[in-house]
$ cat query-v4.cif   # mmCIF, N, CA and C atoms
data_coords
loop_
_atom_site.label_atom_id
_atom_site.label_comp_id
_atom_site.auth_asym_id
_atom_site.auth_seq_id
_atom_site.Cartn_x
_atom_site.Cartn_y
_atom_site.Cartn_z
N MET A 1 -2.97 -46.42 -17.86
CA MET A 1 -1.99 -47.41 -17.50
C MET A 1 -1.98 -47.57 -15.98
N LYS A 2 -1.88 -48.79 -15.54
CA LYS A 2 -1.83 -49.08 -14.12
C LYS A 2 -0.38 -49.24 -13.67
N VAL A 3 -0.08 -48.71 -12.49
CA VAL A 3 1.26 -48.86 -11.91
C VAL A 3 1.13 -49.34 -10.47
N CYS A 4 2.11 -50.11 -10.06
CA CYS A 4 2.18 -50.59 -8.68
C CYS A 4 3.54 -50.18 -8.13
N LEU A 5 3.52 -49.40 -7.07
CA LEU A 5 4.76 -48.96 -6.43
C LEU A 5 4.89 -49.67 -5.09
N ASP A 6 6.07 -50.21 -4.83
CA ASP A 6 6.24 -50.84 -3.52
C ASP A 6 6.39 -49.77 -2.44
N VAL A 7 6.37 -50.20 -1.20
CA VAL A 7 6.39 -49.27 -0.08
C VAL A 7 7.69 -48.47 -0.02
N CYS A 8 8.78 -49.08 -0.45
CA CYS A 8 10.05 -48.34 -0.50
C CYS A 8 9.93 -47.13 -1.44
N CYS A 9 9.31 -47.33 -2.57
CA CYS A 9 9.09 -46.23 -3.51
C CYS A 9 8.20 -45.16 -2.89
N LEU A 10 7.13 -45.59 -2.26
CA LEU A 10 6.19 -44.64 -1.69
C LEU A 10 6.80 -43.82 -0.56
N ASN A 11 7.76 -44.41 0.14
CA ASN A 11 8.44 -43.70 1.23
C ASN A 11 9.59 -42.81 0.75
N ARG A 12 10.07 -43.02 -0.45
CA ARG A 12 11.26 -42.29 -0.93
C ARG A 12 11.11 -40.77 -0.84
N PRO A 13 10.00 -40.18 -1.21
CA PRO A 13 9.89 -38.71 -1.08
C PRO A 13 9.96 -38.21 0.36
N LEU A 14 9.81 -39.10 1.32
CA LEU A 14 9.84 -38.72 2.73
C LEU A 14 11.21 -38.95 3.36
N ASP A 15 12.15 -39.48 2.59
CA ASP A 15 13.49 -39.75 3.09
C ASP A 15 14.33 -38.48 3.11
N ASP A 16 15.51 -38.59 3.70
CA ASP A 16 16.47 -37.49 3.73
C ASP A 16 16.98 -37.25 2.30
N LEU A 17 16.71 -36.08 1.77
CA LEU A 17 17.02 -35.79 0.36
C LEU A 17 18.36 -35.09 0.17
N THR A 18 19.26 -35.21 1.11
CA THR A 18 20.55 -34.53 0.97
C THR A 18 21.46 -35.24 -0.02
N GLN A 19 21.27 -36.54 -0.22
CA GLN A 19 22.06 -37.26 -1.22
C GLN A 19 21.40 -37.10 -2.59
N GLU A 20 22.21 -36.81 -3.59
CA GLU A 20 21.69 -36.53 -4.93
C GLU A 20 20.88 -37.69 -5.50
N ARG A 21 21.35 -38.92 -5.32
CA ARG A 21 20.64 -40.08 -5.86
C ARG A 21 19.25 -40.20 -5.23
N ILE A 22 19.17 -40.04 -3.93
CA ILE A 22 17.88 -40.14 -3.23
C ILE A 22 16.96 -39.02 -3.67
N LYS A 23 17.51 -37.83 -3.85
CA LYS A 23 16.72 -36.69 -4.31
C LYS A 23 16.14 -36.96 -5.70
N LEU A 24 16.94 -37.49 -6.60
CA LEU A 24 16.46 -37.80 -7.96
C LEU A 24 15.39 -38.88 -7.94
N GLU A 25 15.59 -39.90 -7.13
CA GLU A 25 14.58 -40.96 -7.00
C GLU A 25 13.27 -40.39 -6.45
N ALA A 26 13.36 -39.53 -5.47
CA ALA A 26 12.17 -38.91 -4.89
C ALA A 26 11.44 -38.06 -5.92
N GLU A 27 12.18 -37.33 -6.72
CA GLU A 27 11.55 -36.52 -7.78
C GLU A 27 10.83 -37.41 -8.79
N ALA A 28 11.43 -38.54 -9.14
CA ALA A 28 10.79 -39.46 -10.08
C ALA A 28 9.50 -40.04 -9.50
N ILE A 29 9.55 -40.44 -8.24
CA ILE A 29 8.35 -40.98 -7.59
C ILE A 29 7.27 -39.91 -7.48
N ASN A 30 7.66 -38.70 -7.13
CA ASN A 30 6.68 -37.61 -7.06
C ASN A 30 6.03 -37.36 -8.41
N MET A 31 6.80 -37.47 -9.48
CA MET A 31 6.24 -37.29 -10.82
C MET A 31 5.21 -38.38 -11.12
N ILE A 32 5.53 -39.62 -10.79
CA ILE A 32 4.59 -40.72 -11.00
C ILE A 32 3.32 -40.50 -10.17
N LEU A 33 3.49 -40.09 -8.91
CA LEU A 33 2.33 -39.85 -8.05
C LEU A 33 1.50 -38.68 -8.56
N ASN A 34 2.13 -37.67 -9.13
CA ASN A 34 1.38 -36.56 -9.74
C ASN A 34 0.57 -37.05 -10.93
N TYR A 35 1.15 -37.95 -11.73
CA TYR A 35 0.39 -38.53 -12.84
C TYR A 35 -0.82 -39.29 -12.32
N CYS A 36 -0.66 -39.97 -11.19
CA CYS A 36 -1.79 -40.69 -10.59
C CYS A 36 -2.85 -39.71 -10.10
N THR A 37 -2.41 -38.64 -9.46
CA THR A 37 -3.35 -37.61 -8.98
C THR A 37 -4.14 -37.01 -10.13
N ASN A 38 -3.47 -36.82 -11.26
CA ASN A 38 -4.11 -36.23 -12.44
C ASN A 38 -4.79 -37.28 -13.32
N ARG A 39 -4.86 -38.50 -12.83
CA ARG A 39 -5.54 -39.61 -13.49
C ARG A 39 -4.93 -39.98 -14.84
N LEU A 40 -3.64 -39.72 -15.00
CA LEU A 40 -2.93 -40.18 -16.19
C LEU A 40 -2.40 -41.60 -15.98
N LEU A 41 -2.26 -41.98 -14.73
CA LEU A 41 -1.89 -43.33 -14.33
C LEU A 41 -2.83 -43.75 -13.20
N ILE A 42 -2.97 -45.06 -13.02
CA ILE A 42 -3.79 -45.59 -11.94
C ILE A 42 -2.86 -46.34 -10.98
N LEU A 43 -2.83 -45.90 -9.73
CA LEU A 43 -1.99 -46.53 -8.72
C LEU A 43 -2.73 -47.74 -8.14
N ILE A 44 -2.09 -48.90 -8.26
CA ILE A 44 -2.68 -50.15 -7.80
C ILE A 44 -2.30 -50.39 -6.35
N ASN A 45 -3.26 -50.81 -5.56
CA ASN A 45 -3.04 -51.13 -4.15
C ASN A 45 -3.18 -52.64 -3.98
N SER A 46 -2.66 -53.15 -2.87
CA SER A 46 -2.81 -54.58 -2.56
C SER A 46 -2.81 -54.76 -1.04
N ASP A 47 -3.24 -55.93 -0.62
CA ASP A 47 -3.20 -56.24 0.81
C ASP A 47 -1.77 -56.25 1.32
N ALA A 48 -0.84 -56.70 0.49
CA ALA A 48 0.57 -56.74 0.90
C ALA A 48 1.10 -55.33 1.13
N ILE A 49 0.75 -54.39 0.27
CA ILE A 49 1.18 -53.00 0.43
C ILE A 49 0.57 -52.41 1.69
N GLU A 50 -0.72 -52.64 1.91
CA GLU A 50 -1.37 -52.15 3.12
C GLU A 50 -0.69 -52.71 4.38
N PHE A 51 -0.34 -53.99 4.35
CA PHE A 51 0.31 -54.63 5.48
C PHE A 51 1.69 -54.00 5.73
N GLU A 52 2.47 -53.81 4.66
CA GLU A 52 3.80 -53.21 4.82
C GLU A 52 3.71 -51.78 5.35
N ILE A 53 2.75 -51.03 4.86
CA ILE A 53 2.57 -49.66 5.35
C ILE A 53 2.27 -49.67 6.84
N SER A 54 1.42 -50.58 7.28
CA SER A 54 1.03 -50.63 8.69
C SER A 54 2.19 -51.03 9.60
N LYS A 55 3.21 -51.65 9.07
CA LYS A 55 4.35 -52.10 9.87
C LYS A 55 5.39 -50.99 10.06
N ASN A 56 5.23 -49.87 9.40
CA ASN A 56 6.17 -48.76 9.56
C ASN A 56 6.06 -48.21 10.98
N ILE A 57 7.18 -47.89 11.59
CA ILE A 57 7.16 -47.37 12.97
C ILE A 57 6.99 -45.85 13.00
N ASP A 58 7.07 -45.22 11.87
CA ASP A 58 6.94 -43.75 11.78
C ASP A 58 5.50 -43.40 11.39
N ASN A 59 4.71 -42.94 12.35
CA ASN A 59 3.30 -42.64 12.10
C ASN A 59 3.12 -41.56 11.04
N PHE A 60 4.02 -40.58 10.99
CA PHE A 60 3.94 -39.53 9.97
C PHE A 60 4.03 -40.15 8.58
N LYS A 61 4.99 -41.06 8.39
CA LYS A 61 5.15 -41.71 7.08
C LYS A 61 3.93 -42.56 6.74
N ILE A 62 3.39 -43.25 7.73
CA ILE A 62 2.19 -44.06 7.49
C ILE A 62 1.07 -43.18 6.94
N GLU A 63 0.81 -42.08 7.60
CA GLU A 63 -0.28 -41.19 7.18
C GLU A 63 -0.02 -40.58 5.80
N GLN A 64 1.22 -40.19 5.53
CA GLN A 64 1.55 -39.59 4.24
C GLN A 64 1.40 -40.60 3.10
N VAL A 65 1.85 -41.83 3.31
CA VAL A 65 1.77 -42.85 2.28
C VAL A 65 0.32 -43.26 2.03
N LYS A 66 -0.49 -43.32 3.10
CA LYS A 66 -1.90 -43.68 2.93
C LYS A 66 -2.66 -42.66 2.08
N ILE A 67 -2.21 -41.43 2.06
CA ILE A 67 -2.85 -40.39 1.24
C ILE A 67 -2.90 -40.81 -0.23
N TYR A 68 -1.86 -41.50 -0.69
CA TYR A 68 -1.78 -41.89 -2.11
C TYR A 68 -2.90 -42.84 -2.50
N TYR A 69 -3.44 -43.58 -1.52
CA TYR A 69 -4.44 -44.59 -1.83
C TYR A 69 -5.86 -44.19 -1.47
N HIS A 70 -6.05 -43.04 -0.86
CA HIS A 70 -7.41 -42.67 -0.45
C HIS A 70 -7.87 -41.37 -1.04
#
$ encode --input "query-v4.cif" --output "structure tokens"
Amino acid sequence: MKVCLDVCCLNRPLDDLTQERIKLEAEAINMILNYCTNRLLILINSDAIEFEISKNIDNFKIEQVKIYYH
């Protein structure tokens, strides 16, 4: 199955996890990304996602999010 996650989703595990809702969302995204790593899902990329990632001002987040696609 193919999945497409927007940049907000991809950044969620890198957000401040002190709020319970954000922590739960991050855990869900990490689970989806683990499925992609284990080839149970296929993460779809696009030019729009690449563009949005490049517009982030946090270089650490840029590098971490790019890992999902390479």
$ closest_residue --input "query-v4.cif" --among "A:Leu41, A:Arg21, A:Ile67, A:Phe51" --to "Asp6 (chain A)" --atoms "only C-alpha atoms"
A:Phe51
$ select_by_dssp --input "query-v4.cif" --residues "region 3-57 of chain A" --states "alpha helix (DSSP H)" --output "PyMOL selection string"
chain A and resi 7-11+20-37+47-54
$ atom_distance --input "query-v4.cif" --atom1 "CA of Val65 (chain A)" --atom2 "atom N of Thr18 (chain A)"
19.1 Å
$ resolve_selection --input "query-v4.cif" --expression "the PyMOL selection byres (((chain A and resi 3 and name CA) around 7) and name CA)" --output "list in words"
Met1, Lys2, Cys4, Leu5, Leu41, Ile42, Leu43 and Ile44 of chain A
$ atom_distance --input "query-v4.cif" --atom1 "CA of Pro13 (chain A)" --atom2 "atom C of Glu25 (chain A)"
6.6 Å
$ atom_distance --input "query-v4.cif" --atom1 "CA of Lys23 (chain A)" --atom2 "CA of Glu63 (chain A)"
21.0 Å
$ residues_near_point --input "query-v4.cif" --point "(-0.9, -54.3, 2.4)" --cutoff "12 Å" --atoms "only C-alpha atoms" --output "number ranges by chain"
A: 5-7, 44-56, 62, 65-66, 69
$ select_by_dssp --input "query-v4.cif" --residues "chain A" --states "strand (DSSP E or B)" --output "ChimeraX atom specification"
/A:2-3,42-43
